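Below is the file input_1.cif, which contains mmCIF, C-alpha atoms and all ligand atoms.
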data_start
loop_
_atom_site.label_atom_id
_atom_site.label_comp_id
_atom_site.auth_asym_id
_atom_site.auth_seq_id
_atom_site.Cartn_x
_atom_site.Cartn_y
_atom_site.Cartn_z
CA MET A 1 149.73 90.07 41.75
CA LYS A 2 146.14 90.70 42.30
CA ILE A 3 144.83 89.79 45.69
CA ASN A 4 141.31 88.63 45.78
CA TYR A 5 140.12 89.90 49.09
CA THR A 6 137.01 88.31 50.43
CA GLU A 7 135.14 89.42 53.50
CA PRO A 8 135.34 86.81 56.28
CA ASP A 9 132.15 84.88 56.67
CA HIS A 10 130.60 86.25 59.85
CA LYS A 11 128.13 83.43 59.93
CA VAL A 12 130.74 80.71 60.38
CA ASN A 13 130.60 80.67 64.16
CA GLN A 14 126.91 81.21 64.49
CA GLY A 15 124.31 78.51 64.84
CA ALA A 16 120.94 78.72 63.21
CA PRO A 17 119.15 81.91 64.26
CA GLU A 18 117.29 81.27 67.49
CA GLY A 19 113.59 81.77 67.74
CA LEU A 20 111.88 83.05 70.85
CA SER A 21 111.39 79.49 72.12
CA GLY A 22 115.15 78.87 71.88
CA VAL A 23 115.88 81.96 73.97
CA LEU A 24 113.27 80.95 76.55
CA LEU A 25 114.70 77.43 76.72
CA ASN A 26 118.18 78.86 77.35
CA VAL A 27 116.93 81.18 80.07
CA ALA A 28 115.00 78.30 81.67
CA LEU A 29 118.09 76.07 81.60
CA ILE A 30 120.27 78.80 83.12
CA ALA A 31 117.61 79.41 85.80
CA LEU A 32 117.37 75.70 86.62
CA THR A 33 121.15 75.35 86.84
CA VAL A 34 121.51 78.44 89.04
CA PHE A 35 118.56 77.27 91.16
CA LEU A 36 120.07 73.82 91.76
CA PHE A 37 123.54 75.25 92.30
CA ILE A 38 122.39 77.79 94.89
CA PHE A 39 120.10 75.21 96.52
CA VAL A 40 122.98 72.77 96.98
CA LEU A 41 125.27 75.52 98.33
CA ARG A 42 122.56 76.71 100.73
CA TYR A 43 121.94 73.18 101.92
CA THR A 44 125.69 72.71 102.53
CA ILE A 45 125.83 75.95 104.53
CA SER A 46 122.82 74.95 106.64
CA LEU A 47 124.52 71.63 107.42
CA ALA A 48 127.90 73.18 108.18
CA ALA A 49 126.84 76.22 110.28
CA PRO A 50 125.69 74.25 113.35
CA HIS A 51 129.17 72.69 113.61
CA ILE A 52 130.91 76.03 114.13
CA PRO A 53 131.73 76.14 117.87
CA PHE A 54 129.98 78.90 119.84
CA SER A 55 133.41 80.01 121.08
CA VAL A 56 134.29 80.86 117.47
CA GLU A 57 130.95 82.59 116.92
CA LEU A 58 131.44 84.76 120.01
CA LYS A 59 134.66 86.10 118.50
CA LEU A 60 132.50 87.67 115.77
CA ARG A 61 130.51 89.72 118.28
CA GLY A 62 132.78 92.74 118.09
CA ILE A 63 132.74 92.86 114.30
CA PHE A 64 128.96 92.67 113.99
CA SER A 65 128.16 94.97 116.88
CA THR A 66 129.97 97.74 115.01
CA PHE A 67 127.31 97.50 112.28
CA VAL A 68 124.64 98.65 114.71
CA SER A 69 126.75 100.68 117.16
CA GLY A 70 125.59 103.95 115.58
CA TYR A 71 122.02 103.18 116.71
CA THR A 72 122.69 101.58 120.11
CA LEU A 73 120.83 103.16 123.03
CA LYS A 74 123.69 104.52 125.12
CA ASP A 75 124.18 105.23 128.84
CA SER A 76 121.09 103.44 130.01
CA ALA A 77 121.97 100.87 132.65
CA GLU A 78 118.32 100.21 133.59
CA VAL A 79 117.34 99.37 129.97
CA GLU A 80 120.42 97.16 129.52
CA ASP A 81 119.85 95.40 132.87
CA TYR A 82 116.20 94.73 132.10
CA LEU A 83 117.00 93.18 128.69
CA GLU A 84 120.00 91.25 129.99
CA ASN A 85 117.91 89.85 132.87
CA LEU A 86 115.17 88.57 130.58
CA VAL A 87 117.58 87.10 128.03
CA GLY A 88 119.85 85.75 130.80
CA ASP A 89 116.92 83.76 132.23
CA VAL A 90 116.10 82.31 128.82
CA LYS A 91 119.75 81.44 128.21
CA ARG A 92 120.23 79.74 131.59
CA ASN A 93 117.02 77.73 131.46
CA PHE A 94 116.67 76.89 127.76
CA ALA A 95 119.93 77.55 125.94
CA SER A 96 122.67 76.35 128.26
CA GLU A 97 124.79 75.25 125.27
CA VAL A 98 125.29 78.93 124.30
CA PRO A 99 128.07 80.41 126.47
CA ASP A 100 126.64 83.95 126.39
CA VAL A 101 123.79 85.87 124.77
CA SER A 102 123.66 89.67 124.74
CA ALA A 103 120.63 91.88 124.14
CA THR A 104 120.73 95.53 123.06
CA ALA A 105 118.10 98.17 122.34
CA LEU A 106 118.55 100.23 119.17
CA CYS A 107 117.03 103.69 118.72
CA ILE A 108 115.30 102.98 115.40
CA LYS A 109 111.65 103.76 114.64
CA GLU A 110 111.04 100.75 112.37
CA GLU A 111 109.74 97.77 114.32
CA ASN A 112 112.29 94.96 114.20
CA ALA A 113 114.33 92.47 116.21
CA PHE A 114 117.05 90.15 114.98
CA ALA A 115 119.93 87.93 116.02
CA LEU A 116 123.38 88.92 114.76
CA PRO A 117 126.38 86.59 114.50
CA GLY A 118 128.12 86.57 117.87
CA ALA A 119 125.01 85.47 119.79
CA GLN A 120 123.73 89.02 120.07
CA ILE A 121 120.10 90.07 119.94
CA VAL A 122 119.05 93.56 118.96
CA ILE A 123 115.56 95.00 119.28
CA THR A 124 114.47 98.41 118.01
CA SER A 125 112.80 101.09 120.11
CA GLY A 126 110.01 101.05 117.48
CA LEU A 127 109.16 97.44 118.28
CA ILE A 128 109.53 97.91 122.05
CA ASN A 129 107.07 100.80 121.80
CA GLU A 130 104.47 98.50 120.16
CA LEU A 131 104.70 95.83 122.87
CA ASP A 132 102.28 95.86 125.82
CA SER A 133 103.74 93.43 128.34
CA GLU A 134 106.88 91.75 129.59
CA GLU A 135 105.45 88.46 128.26
CA GLU A 136 105.31 89.86 124.73
CA LEU A 137 108.90 91.11 125.03
CA LEU A 138 109.92 87.72 126.44
CA PHE A 139 108.40 86.00 123.40
CA VAL A 140 110.18 88.32 120.92
CA LEU A 141 113.54 87.86 122.69
CA SER A 142 113.07 84.09 123.07
CA HIS A 143 112.25 83.79 119.35
CA GLU A 144 115.65 85.42 118.70
CA VAL A 145 117.41 83.15 121.22
CA GLY A 146 115.82 80.31 119.22
CA HIS A 147 117.56 81.61 116.08
CA ILE A 148 120.88 81.62 117.98
CA VAL A 149 120.36 78.10 119.36
CA HIS A 150 119.45 76.81 115.87
CA ARG A 151 122.49 78.68 114.47
CA ASP A 152 120.28 80.59 112.00
CA ASN A 153 122.37 83.72 112.47
CA MET A 154 125.45 81.75 111.39
CA LYS A 155 123.55 80.26 108.45
CA GLY A 156 122.55 83.84 107.61
CA LEU A 157 126.20 84.87 107.70
CA GLY A 158 127.07 81.96 105.37
CA GLU A 159 124.21 83.08 103.11
CA MET A 160 125.55 86.61 103.01
CA LEU A 161 129.05 85.39 102.10
CA LEU A 162 127.49 83.07 99.49
CA GLN A 163 125.60 85.94 97.86
CA VAL A 164 128.66 88.18 97.76
CA GLY A 165 130.76 85.29 96.44
CA LEU A 166 128.23 84.40 93.74
CA ALA A 167 127.88 88.00 92.63
CA VAL A 168 131.68 88.36 92.35
CA VAL A 169 132.32 84.98 90.70
CA LEU A 170 129.28 84.58 88.45
CA GLY A 171 128.33 88.19 87.86
CA PRO A 172 130.74 88.92 85.00
CA PHE A 173 129.79 85.70 83.15
CA LEU A 174 126.03 85.86 83.34
CA PRO A 175 124.25 87.63 80.50
CA GLN A 176 122.48 90.72 81.70
CA GLU A 177 118.97 89.40 81.14
CA THR A 178 119.60 86.55 83.61
CA GLY A 179 120.02 89.09 86.42
CA SER A 180 116.36 89.02 87.42
CA VAL A 181 116.19 85.23 86.98
CA PHE A 182 119.18 85.01 89.29
CA SER A 183 117.72 87.25 91.99
CA ASN A 184 114.35 85.48 91.83
CA THR A 185 115.82 82.00 92.17
CA ASN A 186 117.85 83.42 95.00
CA ILE A 187 114.73 84.56 96.84
CA TRP A 188 112.86 81.36 96.05
CA THR A 189 115.60 79.08 97.30
CA SER A 190 116.12 81.10 100.49
CA ARG A 191 112.37 81.34 101.11
CA SER A 192 111.87 77.73 102.16
CA PHE A 193 114.95 77.86 104.39
CA THR A 194 114.05 81.07 106.20
CA ARG A 195 110.36 80.17 106.67
CA ALA A 196 111.28 76.87 108.28
CA GLN A 197 113.73 78.80 110.48
CA GLU A 198 111.04 81.29 111.53
CA TYR A 199 108.61 78.54 112.49
CA LYS A 200 111.29 76.76 114.51
CA ALA A 201 112.23 80.01 116.29
CA ASP A 202 108.51 80.56 117.02
CA ASP A 203 108.31 77.07 118.52
CA PHE A 204 111.27 77.90 120.77
CA GLY A 205 109.68 81.19 121.88
CA VAL A 206 106.32 79.53 122.56
CA MET A 207 108.03 76.77 124.56
CA VAL A 208 109.80 79.41 126.71
CA LEU A 209 106.48 81.20 127.34
CA ALA A 210 104.77 77.93 128.28
CA LYS A 211 107.48 77.00 130.79
CA GLU A 212 108.37 80.46 132.18
CA VAL A 213 104.93 82.09 132.22
CA GLY A 214 102.49 79.17 132.05
CA SER A 215 100.66 80.84 129.15
CA VAL A 216 101.48 81.25 125.46
CA ALA A 217 98.86 83.96 124.87
CA ALA A 218 101.58 86.63 124.49
CA SER A 219 102.78 84.98 121.26
CA LEU A 220 99.32 85.46 119.75
CA SER A 221 99.12 89.11 120.79
CA VAL A 222 102.59 89.69 119.24
CA PHE A 223 101.47 88.05 115.96
CA ASP A 224 98.35 90.18 116.07
CA LYS A 225 100.56 93.28 116.20
CA PHE A 226 102.72 91.94 113.34
CA ASN A 227 99.55 91.37 111.35
CA LYS A 228 98.53 95.02 111.80
CA MET A 229 102.04 96.13 110.75
CA GLU A 230 101.81 93.89 107.67
CA GLU A 231 98.41 95.36 106.81
CA LYS A 232 99.89 98.85 107.06
CA MET A 233 102.65 97.81 104.65
CA GLY A 234 100.05 96.41 102.25
CA ILE A 235 101.00 92.76 102.83
CA ARG A 236 97.89 90.61 102.53
CA LYS A 237 97.55 86.95 103.38
CA GLY A 238 96.55 84.90 100.36
CA ASP A 239 98.28 87.17 97.83
CA LEU A 240 100.14 84.62 95.70
CA ALA A 241 102.84 86.92 94.34
CA GLN A 242 103.60 88.33 97.80
CA SER A 243 103.50 84.89 99.34
CA LEU A 244 105.93 83.46 96.77
CA SER A 245 108.53 86.15 97.35
CA ALA A 246 108.16 86.62 101.13
CA THR A 247 110.92 85.10 103.24
CA HIS A 248 108.79 85.24 106.43
CA PRO A 249 105.61 83.28 106.98
CA HIS A 250 102.51 85.45 107.34
CA SER A 251 101.71 86.33 110.96
CA LEU A 252 98.24 84.74 110.64
CA ASP A 253 99.88 81.43 109.69
CA ARG A 254 102.23 81.81 112.63
CA SER A 255 99.40 82.34 115.12
CA LYS A 256 97.41 79.47 113.60
CA ARG A 257 100.34 77.15 114.35
CA VAL A 258 100.31 78.20 118.02
CA LYS A 259 96.54 77.69 118.27
CA LEU A 260 96.91 74.15 116.89
CA GLY A 261 100.26 73.39 118.52
CA GLU A 262 101.66 71.60 121.52
CA PHE A 263 100.67 74.34 123.99
CA LYS A 264 97.19 75.09 122.67
CA ASN A 265 95.78 74.48 126.14
CA LEU A 266 97.84 77.37 127.57
CA LEU A 267 96.13 80.32 125.90
CA THR A 268 94.76 82.11 128.95
CA GLU A 269 96.45 85.47 129.30
CA ILE A 270 98.79 85.95 132.27
CA GLN A 271 100.45 89.29 133.04
CA ARG A 272 103.40 89.68 135.39
CA ASN A 273 105.80 92.47 136.39
CA SER A 274 103.75 95.06 134.55
CA ALA A 275 105.25 97.97 136.47
CA SER A 276 108.86 97.09 135.65
CA PHE A 277 107.95 96.58 131.99
CA SER A 278 106.21 99.98 131.86
CA ASN A 279 109.29 101.63 133.40
CA PHE A 280 111.54 99.90 130.87
CA LYS A 281 109.34 100.90 127.93
CA GLN A 282 109.13 104.51 129.14
CA ALA A 283 112.93 104.67 129.61
CA VAL A 284 113.54 103.41 126.05
CA LYS A 285 111.08 105.94 124.67
CA GLU A 286 112.50 108.94 126.52
CA LYS A 287 116.18 108.06 126.12
CA CYS A 288 115.87 107.25 122.43
CA ALA A 289 113.95 110.50 121.83
CA LEU A 290 116.82 112.40 123.48
CA GLN A 291 119.46 110.45 121.57
CA LEU A 292 117.71 110.85 118.20
CA ALA A 293 117.25 114.59 118.82
CA LYS A 294 121.01 114.94 119.41
CA ASP A 295 122.00 113.15 116.16
ZN ZN A 301 112.85 85.34 113.24
#
Just give me the structure of the file as structure tokens.
Amino acid sequence: MKINYTEPDHKVNQGAPEGLSGVLLNVALIALTVFLFIFVLRYTISLAAPHIPFSVELKLRGIFSTFVSGYTLKDSAEVEDYLENLVGDVKRNFASEVPDVSATALCIKEENAFALPGAQIVITSGLINELDSEEELLFVLSHEVGHIVHRDNMKGLGEMLLQVGLAVVLGPFLPQETGSVFSNTNIWTSRSFTRAQEYKADDFGVMVLAKEVGSVAASLSVFDKFNKMEEKMGIRKGDLAQSLSATHPHSLDRSKRVKLGEFKNLLTEIQRNSASFSNFKQAVKEKCALQLAKD
């Protein structure tokens, strides 16, 4: 018997060939779906994070401090005491709902400060070296206490878990070309959240300055320094592409808010405890130089 073999029709399961507009429409639909999906998840996290009791958050301190323990400035009681005193005052007077806040100096040249899960603030020696007064340091630390009070560090932790989860769950199913769409929608959805968080943390820091110092001028001088750092990194205000992808508001926008804000009448500069701040700054500089030389 003769078998008439015919090639299977490869076109059976294919739709009409797609033009460029079809491909673009698909990408746009995927982007919109991912955008909405991530937005809803983010919103849920931001609603849920503030309900996690601080006692639970404090249990995370040990885990997250290990991430930075390699950089921690060691064996410096005077630096630790100085930071703990400043942060302790802020906690007692403005954040009594938080059972404990810790503050640690890291020997890192890049200027930065952030709040980790576990109500712990870290500030780099690079940033300390740029600051000129205890008031400026108080503003930076209070801004971070603001993040802890508003539970932004816990929202950040939820974000991190969300990103890892999405990458694991969705990664294998998404076509490769949607990778950049995915990461862009990710930045764009987080952008509005983190900018609002930064402004709220600024408000907290400015409020602390107004009540503890009687002047909010130090917030402006800190933003001025941030502005110079941004200029060095090539970040310009008014650059649309940079502005769309930046998660932080520009420092000029941040200082404008203070100049127009609730405490705009408290802009006269007040300096206090300059000698103890100078000693603290010098100790961080010398001890970090020693520590970095050893590593
Ligand atoms: Zn911040």
Problem set entry | Close residues to ligand ZN 301 (chain A) using only C-alpha atoms and all ligand atoms, limit 9 Å, as a PyMOL selection string | chain A and resi 113-115+140+143-144+146-147+152+194-195+197-202+248
For this session: Name the closest residue to A:Gly156 among the candidates A:Ala31, A:Ile45, A:Val56, A:Ala289; distances are taken between atoms, counting all atoms listed in the file.
Result: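 For A:Gly156, the nearest of the candidates is A:Ile45.
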Problem set entry | Selection near A:Ser46, 12 Å with all atoms listed in the file, sequence-local residues under 6 positions removed, as a list in words |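 Here the answer would be Phe39, Val40, Ile52, His150, Arg151, Asp152, Asn153, Met154, Lys155, Gly156, Leu157, Gly158, Glu159, Leu162, Ser190, Phe193, Thr194, Ala196 and Gln197 of chain A.
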Exercise. Using all atoms listed in the file, which of the listed residues (A:Ala119, A:Leu127, A:Ala49, A:Leu138) sits closest to A:Asn85?
Worked result: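 Residue with the minimum atom-to-atom distance to A:Asn85: A:Leu138.
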For this session: Could you check which of A:Val258, A:Cys288, A:Leu267, A:Leu86 is closest to A:Ala105, using only C-alpha atoms?
Result: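 Smallest distance to A:Ala105 is found for A:Cys288.
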Problem set entry | Given all atoms listed in the file as the counted atoms, nearest of A:Leu141, A:Val222, A:Leu36, A:Leu116 to A:Leu83 |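 That would be A:Leu141, the residue with the smallest distance to A:Leu83.
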For this session: Considering only C-alpha atoms, state which residue in the set A:Leu47, A:Leu209, A:Leu131, A:Leu170 is at the smallest distance from A:Phe223.
Result: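 Ranked by minimum distance to A:Phe223, first place goes to A:Leu131.
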For this session: Choose the residue, out of A:Val169, A:Leu41, A:Val98, A:Ile128, that has the smallest atom-to-atom separation from A:Val145; count only C-alpha atoms.
Result: A:Val98
Padding 3 Å on each side, edges along x, y and z: where is the centre of the box around the listed atoms of stretch 201-214 of chain A, and how long are its edges in Å to one decimal? Output it as JSON.
{"center_x": 107.4, "center_y": 79.4, "center_z": 124.3, "size_x": 15.7, "size_y": 11.3, "size_z": 21.9}
